[in-house]
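> Encoded as structure tokens, here's the structure I'll be asking about.
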Amino acid sequence: DNDGLVRWTLTPVYTANDDTKAAGVLVSGDVVNGKTIINERLLGVHGTGYAGVYLVGEQGDVQLVSSVFREKPDETFKVDIGLNRDHVRKWAEGRDSVVWDIMEGRKYIFAGQLVPRDVITSEFGDRELEGAAYGVIVRGSPVR
């Protein structure tokens with residue numbers, strides 16, 4: 001019984017006669033659970049390390065949505081490797097922005113970023129809607 005994390009996008013649609021006022025809005029959504037593309041893009045610059053997305057509920061329950069990990073750029077991604085749930089809870093509470101932990105026998109540094117569950121982003125800035133669950137995006141790099 002897992003909750004789903006959905007990435008929503010809203011795109012204004014204009015008519016050919018009037019490009020100053022939107023005639024409608026195209027709404028699309030994609031369930032993120034089990035999909036690795038967001039994580040793969042996070043690792044795209046360096047090509048190695050850990051990237052994960054978590055969902056944290058109002059009771060502090062932590063659910064891995066998806067993750068990827070690889071030690072060398074030419075390796076295949078290992079998927080759905082979870083981190084210590086206490087780290088993720090701390091990031092969800094806005095504490096401990098950086099933690100150290102061992103992954104695959106090697107020391108890594110991890111940083112987590114809280115993402116409110118319901119946020120509207122527009123030219124006027126971000127606005128958070130009411131919601132009890134939050135997403136946490138995590139990036140990990142090996143300590144050399």
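Starting from 1 in every chain, residues are counted up; chains themselves are A, B, ... following the order of the structure tokens, and ligands are numbered from 1 as listed.
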Please identify all polymer residues within 8 Å of A:Val136, counting only C-alpha atoms, omitting same-chain residues fewer than 3 positions from it, and present them as JSON, numbers by chain.
{"A": [53, 54, 55, 56, 88, 91, 92, 112, 113, 114, 115]}
> Export, as a PDB file, in the first residue's frame, the selected residues with all heavy atoms.

```pdb
ATOM      1  N   VAL A  53      14.494   9.801  -4.664  1.00  0.00           N
ATOM      2  CA  VAL A  53      13.315  10.590  -4.338  1.00  0.00           C
ATOM      3  C   VAL A  53      12.524   9.795  -3.300  1.00  0.00           C
ATOM      4  O   VAL A  53      12.275   8.601  -3.481  1.00  0.00           O
ATOM      5  CB  VAL A  53      12.442  10.860  -5.580  1.00  0.00           C
ATOM      6  CG1 VAL A  53      11.184  11.621  -5.211  1.00  0.00           C
ATOM      7  CG2 VAL A  53      13.231  11.607  -6.647  1.00  0.00           C
ATOM      8  N   TYR A  54      12.150  10.477  -2.217  1.00  0.00           N
ATOM      9  CA  TYR A  54      11.400   9.860  -1.123  1.00  0.00           C
ATOM     10  C   TYR A  54      10.128  10.638  -0.872  1.00  0.00           C
ATOM     11  O   TYR A  54      10.057  11.834  -1.145  1.00  0.00           O
ATOM     12  CB  TYR A  54      12.234   9.860   0.160  1.00  0.00           C
ATOM     13  CG  TYR A  54      13.435   8.949   0.090  1.00  0.00           C
ATOM     14  CD1 TYR A  54      14.605   9.361  -0.526  1.00  0.00           C
ATOM     15  CD2 TYR A  54      13.389   7.678   0.643  1.00  0.00           C
ATOM     16  CE1 TYR A  54      15.703   8.526  -0.601  1.00  0.00           C
ATOM     17  CE2 TYR A  54      14.490   6.835   0.575  1.00  0.00           C
ATOM     18  CZ  TYR A  54      15.645   7.269  -0.050  1.00  0.00           C
ATOM     19  OH  TYR A  54      16.726   6.441  -0.120  1.00  0.00           O
ATOM     20  N   LEU A  55       9.139   9.956  -0.312  1.00  0.00           N
ATOM     21  CA  LEU A  55       7.894  10.578   0.115  1.00  0.00           C
ATOM     22  C   LEU A  55       7.797  10.375   1.618  1.00  0.00           C
ATOM     23  O   LEU A  55       7.970   9.263   2.119  1.00  0.00           O
ATOM     24  CB  LEU A  55       6.707   9.918  -0.594  1.00  0.00           C
ATOM     25  CG  LEU A  55       5.336  10.530  -0.392  1.00  0.00           C
ATOM     26  CD1 LEU A  55       5.309  11.959  -0.930  1.00  0.00           C
ATOM     27  CD2 LEU A  55       4.274   9.700  -1.068  1.00  0.00           C
ATOM     28  N   VAL A  56       7.558  11.466   2.353  1.00  0.00           N
ATOM     29  CA  VAL A  56       7.455  11.406   3.813  1.00  0.00           C
ATOM     30  C   VAL A  56       6.044  11.826   4.202  1.00  0.00           C
ATOM     31  O   VAL A  56       5.606  12.937   3.883  1.00  0.00           O
ATOM     32  CB  VAL A  56       8.496  12.327   4.487  1.00  0.00           C
ATOM     33  CG1 VAL A  56       8.385  12.239   5.997  1.00  0.00           C
ATOM     34  CG2 VAL A  56       9.896  11.968   4.034  1.00  0.00           C
ATOM     35  N   VAL A  88      16.347  10.642   6.066  1.00  0.00           N
ATOM     36  CA  VAL A  88      15.290  11.236   5.244  1.00  0.00           C
ATOM     37  C   VAL A  88      14.305  12.009   6.122  1.00  0.00           C
ATOM     38  O   VAL A  88      13.880  13.112   5.778  1.00  0.00           O
ATOM     39  CB  VAL A  88      14.566  10.160   4.407  1.00  0.00           C
ATOM     40  CG1 VAL A  88      13.461  10.781   3.560  1.00  0.00           C
ATOM     41  CG2 VAL A  88      15.560   9.423   3.516  1.00  0.00           C
ATOM     42  N   TRP A  91      15.788  15.362   6.988  1.00  0.00           N
ATOM     43  CA  TRP A  91      15.698  16.305   5.872  1.00  0.00           C
ATOM     44  C   TRP A  91      14.278  16.833   5.746  1.00  0.00           C
ATOM     45  O   TRP A  91      14.068  18.003   5.456  1.00  0.00           O
ATOM     46  CB  TRP A  91      16.149  15.661   4.570  1.00  0.00           C
ATOM     47  CG  TRP A  91      17.626  15.413   4.491  1.00  0.00           C
ATOM     48  CD1 TRP A  91      18.618  16.289   4.873  1.00  0.00           C
ATOM     49  CD2 TRP A  91      18.283  14.256   4.006  1.00  0.00           C
ATOM     50  NE1 TRP A  91      19.847  15.716   4.653  1.00  0.00           N
ATOM     51  CE2 TRP A  91      19.673  14.472   4.115  1.00  0.00           C
ATOM     52  CE3 TRP A  91      17.850  13.051   3.481  1.00  0.00           C
ATOM     53  CZ2 TRP A  91      20.620  13.538   3.725  1.00  0.00           C
ATOM     54  CZ3 TRP A  91      18.778  12.115   3.082  1.00  0.00           C
ATOM     55  CH2 TRP A  91      20.154  12.360   3.208  1.00  0.00           C
ATOM     56  N   ALA A  92      13.292  15.959   5.960  1.00  0.00           N
ATOM     57  CA  ALA A  92      11.888  16.383   5.872  1.00  0.00           C
ATOM     58  C   ALA A  92      11.551  17.396   6.963  1.00  0.00           C
ATOM     59  O   ALA A  92      10.680  18.242   6.778  1.00  0.00           O
ATOM     60  CB  ALA A  92      10.964  15.173   5.975  1.00  0.00           C
ATOM     61  N   GLY A 112      20.108  16.237   1.330  1.00  0.00           N
ATOM     62  CA  GLY A 112      18.692  16.104   1.023  1.00  0.00           C
ATOM     63  C   GLY A 112      18.022  17.460   0.935  1.00  0.00           C
ATOM     64  O   GLY A 112      18.380  18.388   1.660  1.00  0.00           O
ATOM     65  N   GLN A 113      17.056  17.564   0.047  1.00  0.00           N
ATOM     66  CA  GLN A 113      16.317  18.811  -0.150  1.00  0.00           C
ATOM     67  C   GLN A 113      14.824  18.516  -0.037  1.00  0.00           C
ATOM     68  O   GLN A 113      14.300  17.670  -0.764  1.00  0.00           O
ATOM     69  CB  GLN A 113      16.626  19.400  -1.530  1.00  0.00           C
ATOM     70  CG  GLN A 113      15.803  20.616  -1.880  1.00  0.00           C
ATOM     71  CD  GLN A 113      16.147  21.808  -1.016  1.00  0.00           C
ATOM     72  OE1 GLN A 113      17.304  22.133  -0.827  1.00  0.00           O
ATOM     73  NE2 GLN A 113      15.144  22.471  -0.486  1.00  0.00           N
ATOM     74  N   LEU A 114      14.173  19.200   0.870  1.00  0.00           N
ATOM     75  CA  LEU A 114      12.740  19.050   1.067  1.00  0.00           C
ATOM     76  C   LEU A 114      11.985  19.718  -0.074  1.00  0.00           C
ATOM     77  O   LEU A 114      12.296  20.844  -0.470  1.00  0.00           O
ATOM     78  CB  LEU A 114      12.335  19.699   2.397  1.00  0.00           C
ATOM     79  CG  LEU A 114      10.857  19.711   2.734  1.00  0.00           C
ATOM     80  CD1 LEU A 114      10.364  18.289   2.972  1.00  0.00           C
ATOM     81  CD2 LEU A 114      10.617  20.573   3.964  1.00  0.00           C
ATOM     82  N   VAL A 115      10.996  19.012  -0.611  1.00  0.00           N
ATOM     83  CA  VAL A 115      10.137  19.556  -1.654  1.00  0.00           C
ATOM     84  C   VAL A 115       8.704  19.451  -1.152  1.00  0.00           C
ATOM     85  O   VAL A 115       8.201  18.348  -0.950  1.00  0.00           O
ATOM     86  CB  VAL A 115      10.273  18.764  -2.979  1.00  0.00           C
ATOM     87  CG1 VAL A 115       9.364  19.343  -4.044  1.00  0.00           C
ATOM     88  CG2 VAL A 115      11.710  18.731  -3.436  1.00  0.00           C
TER      89      VAL A 115
END
```
> For A:Gly49, which of A:Val6, A:Val31, A:Val99, A:Val138 is the closest residue, counting only C-alpha atoms?
A:Val138
> Near A:Gly52, counting only C-alpha atoms, which residues have an atom at most 12 Å away, once you skip same-chain residues fewer than 3 positions from it, shown as number ranges by chain?
A: 32-43, 49, 55, 63-69, 78-83, 88, 110-113, 135-140
> What separation in Å, quoted to one decimal, exists between atom CA of A:Arg70 and atom CA of A:Gly105?
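So the answer is 12.8 Å.
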> Quick one: of A:Gly47, A:Glu93, A:Val27, A:Ile102, who's nearest to A:Thr76, counting only C-alpha atoms?
A:Gly47
> Using atom CA of A:Tyr50 and atom CA of A:Ile109 as the two end points, give the distance in Å to one decimal.
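So the two atoms, atom CA of A:Tyr50 and atom CA of A:Ile109, lie 9.7 Å apart.
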> Tell me, which residues of chain A carry DSSP strand (DSSP E), written as number ranges by chain?
A: 6-13, 24-31, 49-56, 62-70, 78-79, 98-103, 106-116, 119-122, 125-128, 134-142
> Leaving out stretch 8-10 of chain A and any residue of its chain fewer than 6 positions from it, which residues lie within 7 Å of it when counting only C-alpha atoms, given as a ChimeraX atom specification?
/A:25-30
> From a backbone DSSP assignment, name each residue in chain A labelled helix (DSSP H, G or I), as a PyMOL selection string.
chain A and resi 37-43+85-92
> Could you take the residues named above and write them with N, CA, C and O atoms, as a compact mmCIF listing (two decimals), in the first residue's frame?

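Contents of the output file again-v7.txt:
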```txt
# COMPACT_ATOMS: atom_id res chain seq x y z
N ILE A 37 14.08 8.35 -14.31
CA ILE A 37 14.58 9.41 -15.17
C ILE A 37 14.99 10.66 -14.39
O ILE A 37 16.00 11.29 -14.70
N ILE A 38 14.24 11.04 -13.37
CA ILE A 38 14.60 12.22 -12.57
C ILE A 38 15.95 11.98 -11.90
O ILE A 38 16.84 12.84 -11.91
N ASN A 39 16.12 10.80 -11.33
CA ASN A 39 17.38 10.48 -10.66
C ASN A 39 18.54 10.39 -11.64
O ASN A 39 19.65 10.84 -11.33
N GLU A 40 18.30 9.81 -12.79
CA GLU A 40 19.36 9.72 -13.80
C GLU A 40 19.82 11.11 -14.22
O GLU A 40 21.01 11.35 -14.42
N ARG A 41 18.89 12.04 -14.34
CA ARG A 41 19.26 13.42 -14.70
C ARG A 41 20.06 14.08 -13.59
O ARG A 41 20.94 14.88 -13.85
N LEU A 42 19.71 13.78 -12.33
CA LEU A 42 20.48 14.33 -11.22
C LEU A 42 21.93 13.86 -11.27
O LEU A 42 22.84 14.59 -10.91
N LEU A 43 22.14 12.63 -11.71
CA LEU A 43 23.50 12.10 -11.79
C LEU A 43 24.18 12.45 -13.12
O LEU A 43 25.35 12.18 -13.30
N ARG A 85 16.29 5.60 6.87
CA ARG A 85 15.05 6.38 6.94
C ARG A 85 15.17 7.57 7.91
O ARG A 85 14.51 8.59 7.73
N ASP A 86 16.02 7.45 8.93
CA ASP A 86 16.20 8.56 9.87
C ASP A 86 16.81 9.77 9.19
O ASP A 86 16.46 10.91 9.51
N HIS A 87 17.73 9.55 8.24
CA HIS A 87 18.30 10.67 7.49
C HIS A 87 17.20 11.41 6.73
O HIS A 87 17.13 12.63 6.75
N VAL A 88 16.35 10.64 6.07
CA VAL A 88 15.29 11.24 5.24
C VAL A 88 14.30 12.01 6.12
O VAL A 88 13.88 13.11 5.78
N ARG A 89 13.96 11.46 7.30
CA ARG A 89 13.06 12.16 8.23
C ARG A 89 13.66 13.49 8.66
O ARG A 89 12.96 14.49 8.76
N LYS A 90 14.96 13.51 8.93
CA LYS A 90 15.62 14.75 9.35
C LYS A 90 15.57 15.79 8.24
O LYS A 90 15.33 16.97 8.49
N TRP A 91 15.79 15.36 6.99
CA TRP A 91 15.70 16.30 5.87
C TRP A 91 14.28 16.83 5.75
O TRP A 91 14.07 18.00 5.46
N ALA A 92 13.29 15.96 5.96
CA ALA A 92 11.89 16.38 5.87
C ALA A 92 11.55 17.40 6.96
O ALA A 92 10.68 18.24 6.78
```
> At what distance in Å, to one decimal, does atom CA of A:Gly44 lie from atom CA of A:Pro73?
9.7 Å
